[in-house]
Amino acid sequence: MDGTIFLFLLQDGVINGAVYALVAIALVLVFGVTRVILVPQGEFVAFTALTVAALENGNAPPTAWLLLALGGLAAISELVRHFRDLTVRRLVRIALFDLALPVALLLLTRALAPMKLGQVANILLAITLITPMGPMIYRIAFAPIAHSSVLVLLMASFGVHFSLMGLGLVFFGPEGTGTAPLSSQSFALGDLVVTGQSVAVVAVTGLLLVLFAIFFGRTLLGKALRACSSNRIGARLVGIPTGAAGQIAFALAALLGAVSGVLVGPLMTVAYDSGFLIGLKAFVAAILGGLVSYPLTVLAALGVGFAEALFSFWASNFKEVLVFTLIIPVLAWRSVYAPHAEEAE
Amino acid sequence: MLRRNSWMIVLATVATAVSVGSAQAQIKVGITMSASGPGAALGQPQSKTVAALPKEIGGQKITYFALDDESDPTKAAQNARKLISEEKVDVMIGSSLTPVSLPLIDIAAESKTPLMTMAAAAVLVAPMDDKRKWVYKVVPNDDIMANAIAKYIAKTGAKTIGYIGFSDAYGEGYYKVLAAEAPKLGLTLTTHEVYARSDASVTGQVLKIIASKPDAVFIAAAGTPAVLPQKALRERGYKGPIFQTHGVATEEFIKLGGKDVDGAIFTGEAFSGAEDMPADSPFRKVKARFVDAYKAANGGAAPTIFGVHLWDSMTLVENAIPEALKLAKPGTPEFRAAIRDQIEKSKDLALNDGLSNMTPDNHNGYDERSAFLIKIENGAFRLVK
């Protein structure tokens with residue numbers, strides 16, 4: 001291996017690592033606020049890429065129907081759960097957010113899709129379609145069992161993952177597609193050819209990470225979310241509604257997933273079930289970051305991306321094995337040295 | 001009200017009597033395919049083909065029972081047992097993937113029901129034994145395809161080939177044949193790189209291939225994931241010829257690959273190159289019949305190579321039914337055995353998958369005449385002459 005190859009691998013690793021970082025951040029955020037390990041995070045990524053691909057071909061993406069279906073389910077779940085204390089306010093909120101919004105988006109996509117408005121419009125539309133799915137999924141699957149143990153929440157999470165995979169197959173079909181690159185420019189940096197796409201990935205990820213740091217460090221909402229994740233009961237005592245915090249966390253996760261989907265769409269062939277593996281690699285990074293630390297998680301995600309690139313060069317047969325093996329020494333080290341916080345039941 | 005109810009009962013009785021009566025005179029075909037799960041890209045086109053299959057053969061009504069096995073071997077075995085014990089099928093077709101089809105062999109042999117598998121691996125029908133004598137496979141064995149492409153690569157003057165393929169049975173099957181054939185043809189394989197269907201990047205593998213400076217690159221992958229290495233090779237400036245396998249013979253591959261996959265050459269089934277064959281070629285007729293039936297059943301949508309495997313399985317059965325009917329009645333063990341015996345006698349039967357010549361030892365039935373060299377030119381599959 002010479003320097004050029006090393007640089008190419010580094011570039012490849014950084015691009016993949018940046019995407020893993022976005023997904024891993026979402027995992028850490030959701031776990032912190034709601035104790036849910038969000039297995040279906042990868043589905044947001046895959047569905048966004050598929051939505052953009054459909055819009056590029058001038059087809060109305062089936063995502064709008066999926067959103068409508070989820071909205072209906074969320075409305076039913078909300079009505080059943082609050083059957084005894086239904087207020088006008090709640091009814092209006094359900095009607096607006098769960099029913100009117102998906103219907104409006106459905107009509108909007110059907111009107112806009114044949115016009116082929118161009119890349120920016122496609123991406124914005126796809127992100128708008130995916131983001132509301134986060135809070136809807138939270139209210140369908142997790143809000144009713146929000147106080148259960150982590151294990152129960154994890155099982156529910158897998159349930160959501162499998163349901164979304166099944167729906168994805170029905171709505172998007174089995175074949176994989178890719179999307180047009182964000183930028184077809186490329187320039188030479190010594191021996192290294194840097195594509196505009198890779199610059200876009202790194203720049204967007206960097207920007208989002210900075211925005212997140214500001215959000216969590218400087219805004220009231222961000223601080224409230226942080227309070228929820230460090231001590232749920234304490235947060236509730238000082239008047240932070242934890243249910244709403246969960247919904248916001250899920251919305252942010254879906255948003256991050258959607259952005260990752262936009263970024264990976266041009267890099268890989270995305271099929272309805274491609275999201276899981278991305279989520280799993282990001283999960284490795286999240287574990288390496290201890291499911292708490294954002295900076296550590298980002299570093300770990302870049303590490304996972306780079307390790308993957310290196311392993312695929314050295315021993316492509318064992319690439320996945322080696323990547324997932326990274327988790328073992330960290331788990332061993334953490335179980336010995338890290339403060340062991342028992343879950344308060 | 002009472003009168004209406006009694007009428008209903010009479011009607012129901014008549015209906016039952018009719019269905020029981022016809023049950024004896026109809027041929028039942030059970031199909032299990034991977035319409036969801038990892039094999040969905042194969043199983044979905046196959047499930048759309050079911051509606052196009054012939055409804056009547058030799059004056060007998062054919063009833064199809066199609067089930068989804070979710071790409072799960074356990075589920076496929078359950079489906080097979082259900083089809084045999086509840087529906088009492090005369091022929092079983094399935095499944096779409098090799099691992100999912102393997103448990104069906106035992107069930108077919110145990111119940112003495114002919115099994116037409118739509119999966120690819122040679123292990124399903126070889127080595128021939130008491131169980132596998134009930135199994136037929138319409139997808140040409142990889143070694144026929146791999147041998148043909150290896151010979152062609154040698155003919156183009158290439159001396160070294162870089163290899164990258166799926167990290168599963170499909171890729172490794174191709175690699176084994178290539179590795180065995182290459183020295184005989186004066187070829188050297190420079191790399192043995194693998195990747196998974198779901199991988200986001202193959203940069204590492206591709207860099208290693210380019211560093212080994214091969215005259216040509218061989219990619220053993222299937223469907224849209226086969227685009228990834230070819231795209232990466234071209235992006236990294238690899239100019240040499242790139243060879244693919246018959247797994248890429250889908251419209252989606254061309255659509256996704258665009259300019260990057262133009263010029264790729266692979267050995268494929270007759271179906272992919274039928275348009276360029278002479279007008280009197282039997283393969284053209286066979287393809288036209290399938291395409292017409294498929295379009296009629298699917299509102300004009302064009303079929304894919306994976307639907308072909310189901311159609312061809314049924315063509316073999318269709319060909320065997322008239323003779324089998326002379327020997328036994330449908331629904332009996334004798335009829336199932338007769339179907340099995342008759343399929344074994346297929347001679348020079350033109351299928352979309354190739355020219356089928358079954359023998360007691362070879363239940364795949366193809367030779368090099370069924371490996372067609374196909375090149376992707378301007379977004380279409382063209383026969384290399």
# chains A, B, ... in the order shown; residues from 1 in each chain; ligands from 1
call {"tool": "residues_around", "arguments": {"residues": "stretch 312-322 of chain A", "least_positions_apart": "5", "cutoff": "6 Å", "atoms": "only C-alpha atoms", "output": "PyMOL selection string"}}
result
chain B and resi 193-194+204-205
call {"tool": "write_last_selection", "arguments": {"atoms": "N, CA and C atoms", "output": "PDB file, in the first residue's frame"}}
result
ATOM      1  N   GLU B 193     -11.225 -10.378  -4.627  1.00  0.00           N
ATOM      2  CA  GLU B 193     -11.872  -9.422  -3.744  1.00  0.00           C
ATOM      3  C   GLU B 193     -13.352  -9.756  -3.628  1.00  0.00           C
ATOM      4  N   VAL B 194     -13.926  -9.508  -2.463  1.00  0.00           N
ATOM      5  CA  VAL B 194     -15.355  -9.753  -2.302  1.00  0.00           C
ATOM      6  C   VAL B 194     -16.031  -8.539  -1.681  1.00  0.00           C
ATOM      7  N   GLY B 204     -11.986   0.301  -1.462  1.00  0.00           N
ATOM      8  CA  GLY B 204     -10.808  -0.457  -1.063  1.00  0.00           C
ATOM      9  C   GLY B 204     -10.500  -1.578  -2.029  1.00  0.00           C
ATOM     10  N   GLN B 205     -11.521  -2.380  -2.329  1.00  0.00           N
ATOM     11  CA  GLN B 205     -11.340  -3.507  -3.223  1.00  0.00           C
ATOM     12  C   GLN B 205     -10.910  -3.050  -4.610  1.00  0.00           C
TER      13      GLN B 205
END
call {"tool": "residues_around", "arguments": {"residues": "B:Phe65", "least_positions_apart": "3", "cutoff": "8 Å", "atoms": "only C-alpha atoms", "output": "PDB file with C-alpha atoms, in the first residue's frame"}}
result
ATOM      1  CA  LYS B  28     -52.461 -28.707  -9.314  1.00  0.00           C
ATOM      2  CA  VAL B  29     -49.209 -26.819  -9.267  1.00  0.00           C
ATOM      3  CA  GLY B  30     -47.831 -25.455  -6.010  1.00  0.00           C
ATOM      4  CA  ILE B  31     -45.402 -22.546  -6.093  1.00  0.00           C
ATOM      5  CA  LEU B  83     -48.931 -27.570  -0.611  1.00  0.00           C
TER       6      LEU B  83
END
call {"tool": "residues_around", "arguments": {"residues": "A:Cys228", "least_positions_apart": "4", "cutoff": "12 Å", "atoms": "only C-alpha atoms", "output": "VMD selection string"}}
result
chain A and resid 29 to 35 216 221 to 224 232 to 246 248 to 249
call {"tool": "residues_around", "arguments": {"residues": "B:Pro127", "least_positions_apart": "3", "cutoff": "10 Å", "atoms": "only C-alpha atoms", "output": "PDB file with N, CA and C atoms, in the first residue's frame"}}
result
ATOM      1  N   ALA B 122     -25.665 -25.255  -8.677  1.00  0.00           N
ATOM      2  CA  ALA B 122     -25.624 -26.613  -9.225  1.00  0.00           C
ATOM      3  C   ALA B 122     -25.885 -27.658  -8.146  1.00  0.00           C
ATOM      4  N   VAL B 123     -25.596 -27.307  -6.881  1.00  0.00           N
ATOM      5  CA  VAL B 123     -25.732 -28.269  -5.790  1.00  0.00           C
ATOM      6  C   VAL B 123     -27.177 -28.767  -5.649  1.00  0.00           C
ATOM      7  N   LEU B 124     -28.129 -28.036  -6.196  1.00  0.00           N
ATOM      8  CA  LEU B 124     -29.531 -28.439  -6.087  1.00  0.00           C
ATOM      9  C   LEU B 124     -29.834 -29.687  -6.912  1.00  0.00           C
ATOM     10  N   ARG B 132     -32.342 -36.227  -5.338  1.00  0.00           N
ATOM     11  CA  ARG B 132     -32.290 -35.208  -6.387  1.00  0.00           C
ATOM     12  C   ARG B 132     -32.916 -35.675  -7.689  1.00  0.00           C
ATOM     13  N   LYS B 133     -33.223 -36.945  -7.799  1.00  0.00           N
ATOM     14  CA  LYS B 133     -33.855 -37.365  -9.045  1.00  0.00           C
ATOM     15  C   LYS B 133     -35.254 -36.761  -9.174  1.00  0.00           C
ATOM     16  N   ASP B 361     -28.877 -38.298 -15.478  1.00  0.00           N
ATOM     17  CA  ASP B 361     -27.780 -37.807 -14.647  1.00  0.00           C
ATOM     18  C   ASP B 361     -27.711 -36.297 -14.570  1.00  0.00           C
ATOM     19  N   ASN B 362     -28.317 -35.625 -15.537  1.00  0.00           N
ATOM     20  CA  ASN B 362     -28.199 -34.171 -15.587  1.00  0.00           C
ATOM     21  C   ASN B 362     -29.595 -33.551 -15.580  1.00  0.00           C
ATOM     22  N   HIS B 363     -29.987 -33.019 -14.434  1.00  0.00           N
ATOM     23  CA  HIS B 363     -31.301 -32.398 -14.331  1.00  0.00           C
ATOM     24  C   HIS B 363     -31.240 -30.885 -14.489  1.00  0.00           C
TER      25      HIS B 363
END
call {"tool": "interface_residues", "arguments": {"of": "chain A", "to": "chain B", "cutoff": "10 Å", "atoms": "only C-alpha atoms", "output": "number ranges by chain"}}
result
A: 1-2, 4-6, 8-13, 15-16, 165-166, 169-170, 173-179, 193, 195, 264-265, 267-271, 273-278, 308-320
call {"tool": "write_last_selection", "arguments": {"atoms": "C-alpha atoms", "output": "PDB file, in the first residue's frame"}}
result
ATOM      1  CA  MET A   1       0.000   0.000   0.000  1.00  0.00           C
ATOM      2  CA  ASP A   2       1.452   3.338  -0.995  1.00  0.00           C
ATOM      3  CA  THR A   4      -1.930   7.455  -2.748  1.00  0.00           C
ATOM      4  CA  ILE A   5      -3.960   4.396  -1.935  1.00  0.00           C
ATOM      5  CA  PHE A   6      -3.896   5.355   1.723  1.00  0.00           C
ATOM      6  CA  PHE A   8      -8.010   7.294  -1.303  1.00  0.00           C
ATOM      7  CA  LEU A   9      -8.984   4.961   1.520  1.00  0.00           C
ATOM      8  CA  LEU A  10      -8.900   7.838   3.962  1.00  0.00           C
ATOM      9  CA  GLN A  11     -11.196   9.860   1.723  1.00  0.00           C
ATOM     10  CA  ASP A  12     -13.576   6.922   1.333  1.00  0.00           C
ATOM     11  CA  GLY A  13     -13.497   6.312   5.067  1.00  0.00           C
ATOM     12  CA  ILE A  15     -17.222  10.043   3.515  1.00  0.00           C
ATOM     13  CA  ASN A  16     -18.759   6.875   4.928  1.00  0.00           C
ATOM     14  CA  MET A 165     -39.156  -2.992   6.111  1.00  0.00           C
ATOM     15  CA  GLY A 166     -42.341  -4.784   5.066  1.00  0.00           C
ATOM     16  CA  LEU A 169     -41.081  -3.515   0.148  1.00  0.00           C
ATOM     17  CA  VAL A 170     -44.751  -2.897  -0.624  1.00  0.00           C
ATOM     18  CA  GLY A 173     -40.518  -2.497  -4.561  1.00  0.00           C
ATOM     19  CA  PRO A 174     -37.525  -4.805  -4.288  1.00  0.00           C
ATOM     20  CA  GLU A 175     -35.086  -3.170  -6.714  1.00  0.00           C
ATOM     21  CA  GLY A 176     -32.395  -0.779  -5.575  1.00  0.00           C
ATOM     22  CA  THR A 177     -31.809   2.628  -7.129  1.00  0.00           C
ATOM     23  CA  GLY A 178     -29.411   5.512  -6.784  1.00  0.00           C
ATOM     24  CA  THR A 179     -29.860   9.251  -7.021  1.00  0.00           C
ATOM     25  CA  VAL A 193      -9.270  13.012  -7.016  1.00  0.00           C
ATOM     26  CA  THR A 195     -15.389  14.586  -5.998  1.00  0.00           C
ATOM     27  CA  VAL A 264     -25.749   8.434   0.622  1.00  0.00           C
ATOM     28  CA  GLY A 265     -28.249   8.243  -2.259  1.00  0.00           C
ATOM     29  CA  LEU A 267     -22.898   6.992  -3.278  1.00  0.00           C
ATOM     30  CA  MET A 268     -24.530   3.595  -3.087  1.00  0.00           C
ATOM     31  CA  THR A 269     -27.333   1.466  -4.450  1.00  0.00           C
ATOM     32  CA  VAL A 270     -30.173   1.948  -2.025  1.00  0.00           C
ATOM     33  CA  ALA A 271     -32.891  -0.696  -1.767  1.00  0.00           C
ATOM     34  CA  ASP A 273     -33.706  -2.858   3.112  1.00  0.00           C
ATOM     35  CA  SER A 274     -30.312  -1.107   2.788  1.00  0.00           C
ATOM     36  CA  GLY A 275     -30.882   1.069   5.812  1.00  0.00           C
ATOM     37  CA  PHE A 276     -30.386  -1.620   8.437  1.00  0.00           C
ATOM     38  CA  LEU A 277     -26.674  -2.142   7.793  1.00  0.00           C
ATOM     39  CA  ILE A 278     -25.990   1.599   7.846  1.00  0.00           C
ATOM     40  CA  GLU A 308     -14.153  -0.276   6.964  1.00  0.00           C
ATOM     41  CA  ALA A 309     -12.226   1.234   4.070  1.00  0.00           C
ATOM     42  CA  LEU A 310      -8.940  -0.229   5.314  1.00  0.00           C
ATOM     43  CA  PHE A 311     -10.409  -3.684   5.927  1.00  0.00           C
ATOM     44  CA  SER A 312     -12.053  -3.715   2.526  1.00  0.00           C
ATOM     45  CA  PHE A 313      -8.605  -3.150   1.027  1.00  0.00           C
ATOM     46  CA  TRP A 314      -6.690  -5.635   3.162  1.00  0.00           C
ATOM     47  CA  ALA A 315      -9.186  -8.420   3.685  1.00  0.00           C
ATOM     48  CA  SER A 316     -12.459  -7.853   1.907  1.00  0.00           C
ATOM     49  CA  ASN A 317     -13.695 -11.317   2.961  1.00  0.00           C
ATOM     50  CA  PHE A 318     -13.581 -10.346   6.610  1.00  0.00           C
ATOM     51  CA  LYS A 319     -14.565  -6.700   6.351  1.00  0.00           C
ATOM     52  CA  GLU A 320     -17.860  -6.855   8.256  1.00  0.00           C
TER      53      GLU A 320
END
call {"tool": "atom_distance", "arguments": {"atom1": "atom CA of B:Ala288", "atom2": "atom CA of B:Thr49"}}
result
14.4 Å
call {"tool": "residues_around", "arguments": {"residues": "stretch 329-332 of chain A", "least_positions_apart": "2", "cutoff": "10 Å", "atoms": "only C-alpha atoms", "output": "ChimeraX atom specification"}}
result
/A:284,287-290,325-327,334-338
call {"tool": "select_by_dssp", "arguments": {"residues": "stretch 159-230 of chain A", "states": "strand (DSSP E)", "output": "PyMOL selection string"}}
result
chain A and resi 186-189+192-195
call {"tool": "atom_distance", "arguments": {"atom1": "atom CA of A:Pro102", "atom2": "atom CA of A:Ala156"}}
result
24.1 Å
call {"tool": "residues_around", "arguments": {"residues": "A:Val210", "least_positions_apart": "5", "cutoff": "12 Å", "atoms": "only C-alpha atoms", "output": "MDAnalysis selection string"}}
result
chainID A and resid 22 203:205 215:218 294:295 298
call {"tool": "write_last_selection", "arguments": {"atoms": "N, CA and C atoms", "output": "PDB file, in the first residue's frame"}}
result
ATOM      1  N   LEU A  22     -23.798  11.025  11.303  1.00  0.00           N
ATOM      2  CA  LEU A  22     -25.138  11.614  11.397  1.00  0.00           C
ATOM      3  C   LEU A  22     -26.135  10.617  11.976  1.00  0.00           C
ATOM      4  N   ALA A 203     -19.132  18.540   4.156  1.00  0.00           N
ATOM      5  CA  ALA A 203     -19.557  19.893   4.521  1.00  0.00           C
ATOM      6  C   ALA A 203     -20.912  19.869   5.214  1.00  0.00           C
ATOM      7  N   VAL A 204     -21.867  19.115   4.631  1.00  0.00           N
ATOM      8  CA  VAL A 204     -23.208  19.075   5.222  1.00  0.00           C
ATOM      9  C   VAL A 204     -23.150  18.458   6.619  1.00  0.00           C
ATOM     10  N   THR A 205     -22.377  17.362   6.752  1.00  0.00           N
ATOM     11  CA  THR A 205     -22.268  16.736   8.067  1.00  0.00           C
ATOM     12  C   THR A 205     -21.660  17.702   9.075  1.00  0.00           C
ATOM     13  N   PHE A 215     -27.461  24.064  19.125  1.00  0.00           N
ATOM     14  CA  PHE A 215     -28.817  23.764  19.584  1.00  0.00           C
ATOM     15  C   PHE A 215     -28.808  23.223  21.009  1.00  0.00           C
ATOM     16  N   PHE A 216     -27.907  22.276  21.268  1.00  0.00           N
ATOM     17  CA  PHE A 216     -27.902  21.660  22.598  1.00  0.00           C
ATOM     18  C   PHE A 216     -27.217  22.531  23.633  1.00  0.00           C
ATOM     19  N   GLY A 217     -26.302  23.387  23.191  1.00  0.00           N
ATOM     20  CA  GLY A 217     -25.555  24.200  24.140  1.00  0.00           C
ATOM     21  C   GLY A 217     -26.233  25.517  24.465  1.00  0.00           C
ATOM     22  N   ARG A 218     -26.989  26.091  23.512  1.00  0.00           N
ATOM     23  CA  ARG A 218     -27.420  27.482  23.669  1.00  0.00           C
ATOM     24  C   ARG A 218     -28.938  27.679  23.752  1.00  0.00           C
ATOM     25  N   TYR A 294     -21.558  12.946  22.366  1.00  0.00           N
ATOM     26  CA  TYR A 294     -21.654  13.258  20.943  1.00  0.00           C
ATOM     27  C   TYR A 294     -20.285  13.366  20.269  1.00  0.00           C
ATOM     28  N   PRO A 295     -19.326  14.115  20.846  1.00  0.00           N
ATOM     29  CA  PRO A 295     -18.025  14.219  20.158  1.00  0.00           C
ATOM     30  C   PRO A 295     -17.353  12.858  19.986  1.00  0.00           C
ATOM     31  N   VAL A 298     -18.976  10.964  17.130  1.00  0.00           N
ATOM     32  CA  VAL A 298     -18.549  11.415  15.802  1.00  0.00           C
ATOM     33  C   VAL A 298     -17.175  10.853  15.477  1.00  0.00           C
TER      34      VAL A 298
END
call {"tool": "select_by_dssp", "arguments": {"residues": "stretch 80-201 of chain A", "states": "alpha helix (DSSP H)", "output": "PyMOL selection string"}}
result
chain A and resi 80-81+88-93+101-112+119-130+133-137+150-172+196-201
call {"tool": "residues_around", "arguments": {"residues": "B:Ala154", "least_positions_apart": "4", "cutoff": "9 Å", "atoms": "only C-alpha atoms", "output": "VMD selection string"}}
result
chain B and resid 149 to 150 158 to 159 182 185 to 187
call {"tool": "write_last_selection", "arguments": {"atoms": "C-alpha atoms", "output": "compact mmCIF listing (two decimals), in the first residue's frame"}}
result
# COMPACT_ATOMS: atom_id res chain seq x y z
CA ILE B 149 -16.93 -16.28 -20.53
CA ALA B 150 -13.46 -17.48 -19.51
CA ALA B 158 -6.25 -10.65 -22.03
CA LYS B 159 -3.68 -12.40 -19.84
CA ALA B 182 -7.99 -19.81 -15.91
CA LEU B 185 -6.56 -20.90 -20.87
CA GLY B 186 -3.36 -19.09 -19.98
CA LEU B 187 -5.10 -16.58 -17.74
call {"tool": "closest_residue", "arguments": {"among": "B:Gly162, B:Pro330, B:Pro241, B:Pro54", "to": "B:Thr315", "atoms": "only C-alpha atoms"}}
result
B:Pro54
call {"tool": "closest_residue", "arguments": {"among": "A:Asn57, A:Leu70, A:Leu101, A:Pro132", "to": "A:Gln119", "atoms": "only C-alpha atoms"}}
result
A:Asn57
call {"tool": "atom_distance", "arguments": {"atom1": "atom CA of B:Val248", "atom2": "atom CA of B:Ile374"}}
result
10.8 Å
call {"tool": "decode", "arguments": {"residues": "stretch 164-250 of chain B", "atoms": "C-alpha atoms", "output": "PDB file, in the first residue's frame"}}
result
ATOM      1  CA  ILE B 164     -14.349  -9.018  -7.515  1.00  0.00           C
ATOM      2  CA  GLY B 165     -17.585 -10.734  -6.554  1.00  0.00           C
ATOM      3  CA  PHE B 166     -20.316 -11.219  -3.995  1.00  0.00           C
ATOM      4  CA  SER B 167     -19.198 -12.671  -0.687  1.00  0.00           C
ATOM      5  CA  ASP B 168     -21.825 -15.406  -1.017  1.00  0.00           C
ATOM      6  CA  ALA B 169     -22.444 -18.660  -2.867  1.00  0.00           C
ATOM      7  CA  TYR B 170     -23.060 -16.814  -6.130  1.00  0.00           C
ATOM      8  CA  GLY B 171     -19.712 -15.016  -6.208  1.00  0.00           C
ATOM      9  CA  GLU B 172     -17.701 -17.894  -4.775  1.00  0.00           C
ATOM     10  CA  GLY B 173     -19.269 -20.347  -7.241  1.00  0.00           C
ATOM     11  CA  TYR B 174     -18.072 -18.222 -10.122  1.00  0.00           C
ATOM     12  CA  TYR B 175     -14.664 -17.734  -8.564  1.00  0.00           C
ATOM     13  CA  LYS B 176     -14.118 -21.468  -8.161  1.00  0.00           C
ATOM     14  CA  VAL B 177     -14.879 -22.164 -11.807  1.00  0.00           C
ATOM     15  CA  LEU B 178     -12.755 -19.251 -12.988  1.00  0.00           C
ATOM     16  CA  ALA B 179      -9.841 -20.233 -10.774  1.00  0.00           C
ATOM     17  CA  ALA B 180     -10.001 -23.778 -12.122  1.00  0.00           C
ATOM     18  CA  GLU B 181     -10.368 -22.778 -15.778  1.00  0.00           C
ATOM     19  CA  ALA B 182      -7.988 -19.813 -15.914  1.00  0.00           C
ATOM     20  CA  PRO B 183      -4.649 -21.720 -15.913  1.00  0.00           C
ATOM     21  CA  LYS B 184      -5.848 -23.972 -18.760  1.00  0.00           C
ATOM     22  CA  LEU B 185      -6.557 -20.899 -20.869  1.00  0.00           C
ATOM     23  CA  GLY B 186      -3.357 -19.095 -19.984  1.00  0.00           C
ATOM     24  CA  LEU B 187      -5.101 -16.576 -17.744  1.00  0.00           C
ATOM     25  CA  THR B 188      -3.999 -15.381 -14.318  1.00  0.00           C
ATOM     26  CA  LEU B 189      -6.416 -14.125 -11.677  1.00  0.00           C
ATOM     27  CA  THR B 190      -4.724 -11.190  -9.961  1.00  0.00           C
ATOM     28  CA  THR B 191      -7.166 -10.590  -7.106  1.00  0.00           C
ATOM     29  CA  HIS B 192      -9.902 -12.333  -5.164  1.00  0.00           C
ATOM     30  CA  GLU B 193     -11.872  -9.422  -3.744  1.00  0.00           C
ATOM     31  CA  VAL B 194     -15.355  -9.753  -2.302  1.00  0.00           C
ATOM     32  CA  TYR B 195     -18.124  -7.420  -1.219  1.00  0.00           C
ATOM     33  CA  ALA B 196     -21.671  -7.749   0.107  1.00  0.00           C
ATOM     34  CA  ARG B 197     -24.863  -6.917  -1.752  1.00  0.00           C
ATOM     35  CA  SER B 198     -25.645  -4.162   0.722  1.00  0.00           C
ATOM     36  CA  ASP B 199     -22.213  -2.484   0.765  1.00  0.00           C
ATOM     37  CA  ALA B 200     -22.094   1.281   0.326  1.00  0.00           C
ATOM     38  CA  SER B 201     -18.571   1.406  -1.015  1.00  0.00           C
ATOM     39  CA  VAL B 202     -16.070  -0.880  -2.747  1.00  0.00           C
ATOM     40  CA  THR B 203     -13.281   1.693  -2.980  1.00  0.00           C
ATOM     41  CA  GLY B 204     -10.808  -0.457  -1.063  1.00  0.00           C
ATOM     42  CA  GLN B 205     -11.340  -3.507  -3.223  1.00  0.00           C
ATOM     43  CA  VAL B 206     -11.275  -1.509  -6.447  1.00  0.00           C
ATOM     44  CA  LEU B 207      -8.012   0.218  -5.524  1.00  0.00           C
ATOM     45  CA  LYS B 208      -6.442  -3.150  -4.894  1.00  0.00           C
ATOM     46  CA  ILE B 209      -7.647  -4.429  -8.268  1.00  0.00           C
ATOM     47  CA  ILE B 210      -6.317  -1.392 -10.105  1.00  0.00           C
ATOM     48  CA  ALA B 211      -3.005  -1.689  -8.289  1.00  0.00           C
ATOM     49  CA  SER B 212      -2.667  -5.231  -9.656  1.00  0.00           C
ATOM     50  CA  LYS B 213      -2.945  -3.803 -13.201  1.00  0.00           C
ATOM     51  CA  PRO B 214      -5.160  -6.464 -14.779  1.00  0.00           C
ATOM     52  CA  ASP B 215      -5.945  -6.589 -18.533  1.00  0.00           C
ATOM     53  CA  ALA B 216      -9.616  -7.104 -17.706  1.00  0.00           C
ATOM     54  CA  VAL B 217     -11.846  -7.197 -14.634  1.00  0.00           C
ATOM     55  CA  PHE B 218     -14.440  -9.830 -13.873  1.00  0.00           C
ATOM     56  CA  ILE B 219     -17.364  -8.932 -11.586  1.00  0.00           C
ATOM     57  CA  ALA B 220     -19.403 -11.815 -10.195  1.00  0.00           C
ATOM     58  CA  ALA B 221     -22.478 -10.079  -8.799  1.00  0.00           C
ATOM     59  CA  ALA B 222     -26.184  -9.899  -9.525  1.00  0.00           C
ATOM     60  CA  GLY B 223     -28.834  -7.245 -10.002  1.00  0.00           C
ATOM     61  CA  THR B 224     -28.393  -3.573  -9.152  1.00  0.00           C
ATOM     62  CA  PRO B 225     -25.609  -4.141  -6.570  1.00  0.00           C
ATOM     63  CA  ALA B 226     -23.421  -5.273  -9.503  1.00  0.00           C
ATOM     64  CA  VAL B 227     -23.286  -1.656 -10.676  1.00  0.00           C
ATOM     65  CA  LEU B 228     -21.208  -0.533  -7.690  1.00  0.00           C
ATOM     66  CA  PRO B 229     -17.816  -2.123  -8.603  1.00  0.00           C
ATOM     67  CA  GLN B 230     -18.087  -1.226 -12.262  1.00  0.00           C
ATOM     68  CA  LYS B 231     -18.941   2.374 -11.410  1.00  0.00           C
ATOM     69  CA  ALA B 232     -16.090   2.567  -8.900  1.00  0.00           C
ATOM     70  CA  LEU B 233     -13.615   1.097 -11.428  1.00  0.00           C
ATOM     71  CA  ARG B 234     -14.579   3.653 -14.057  1.00  0.00           C
ATOM     72  CA  GLU B 235     -14.505   6.492 -11.540  1.00  0.00           C
ATOM     73  CA  ARG B 236     -10.986   5.520 -10.545  1.00  0.00           C
ATOM     74  CA  GLY B 237     -10.011   5.638 -14.203  1.00  0.00           C
ATOM     75  CA  TYR B 238      -9.878   1.931 -15.082  1.00  0.00           C
ATOM     76  CA  LYS B 239     -10.062   1.725 -18.886  1.00  0.00           C
ATOM     77  CA  GLY B 240      -9.869  -2.041 -19.571  1.00  0.00           C
ATOM     78  CA  PRO B 241     -12.805  -4.292 -20.467  1.00  0.00           C
ATOM     79  CA  ILE B 242     -15.146  -5.323 -17.662  1.00  0.00           C
ATOM     80  CA  PHE B 243     -16.977  -8.641 -17.649  1.00  0.00           C
ATOM     81  CA  GLN B 244     -20.123  -9.382 -15.676  1.00  0.00           C
ATOM     82  CA  THR B 245     -22.283 -12.449 -15.050  1.00  0.00           C
ATOM     83  CA  HIS B 246     -25.807 -13.439 -16.081  1.00  0.00           C
ATOM     84  CA  GLY B 247     -27.120 -12.023 -12.800  1.00  0.00           C
ATOM     85  CA  VAL B 248     -27.057  -8.515 -14.304  1.00  0.00           C
ATOM     86  CA  ALA B 249     -29.510  -9.258 -17.099  1.00  0.00           C
ATOM     87  CA  THR B 250     -32.146  -6.873 -15.738  1.00  0.00           C
TER      88      THR B 250
END
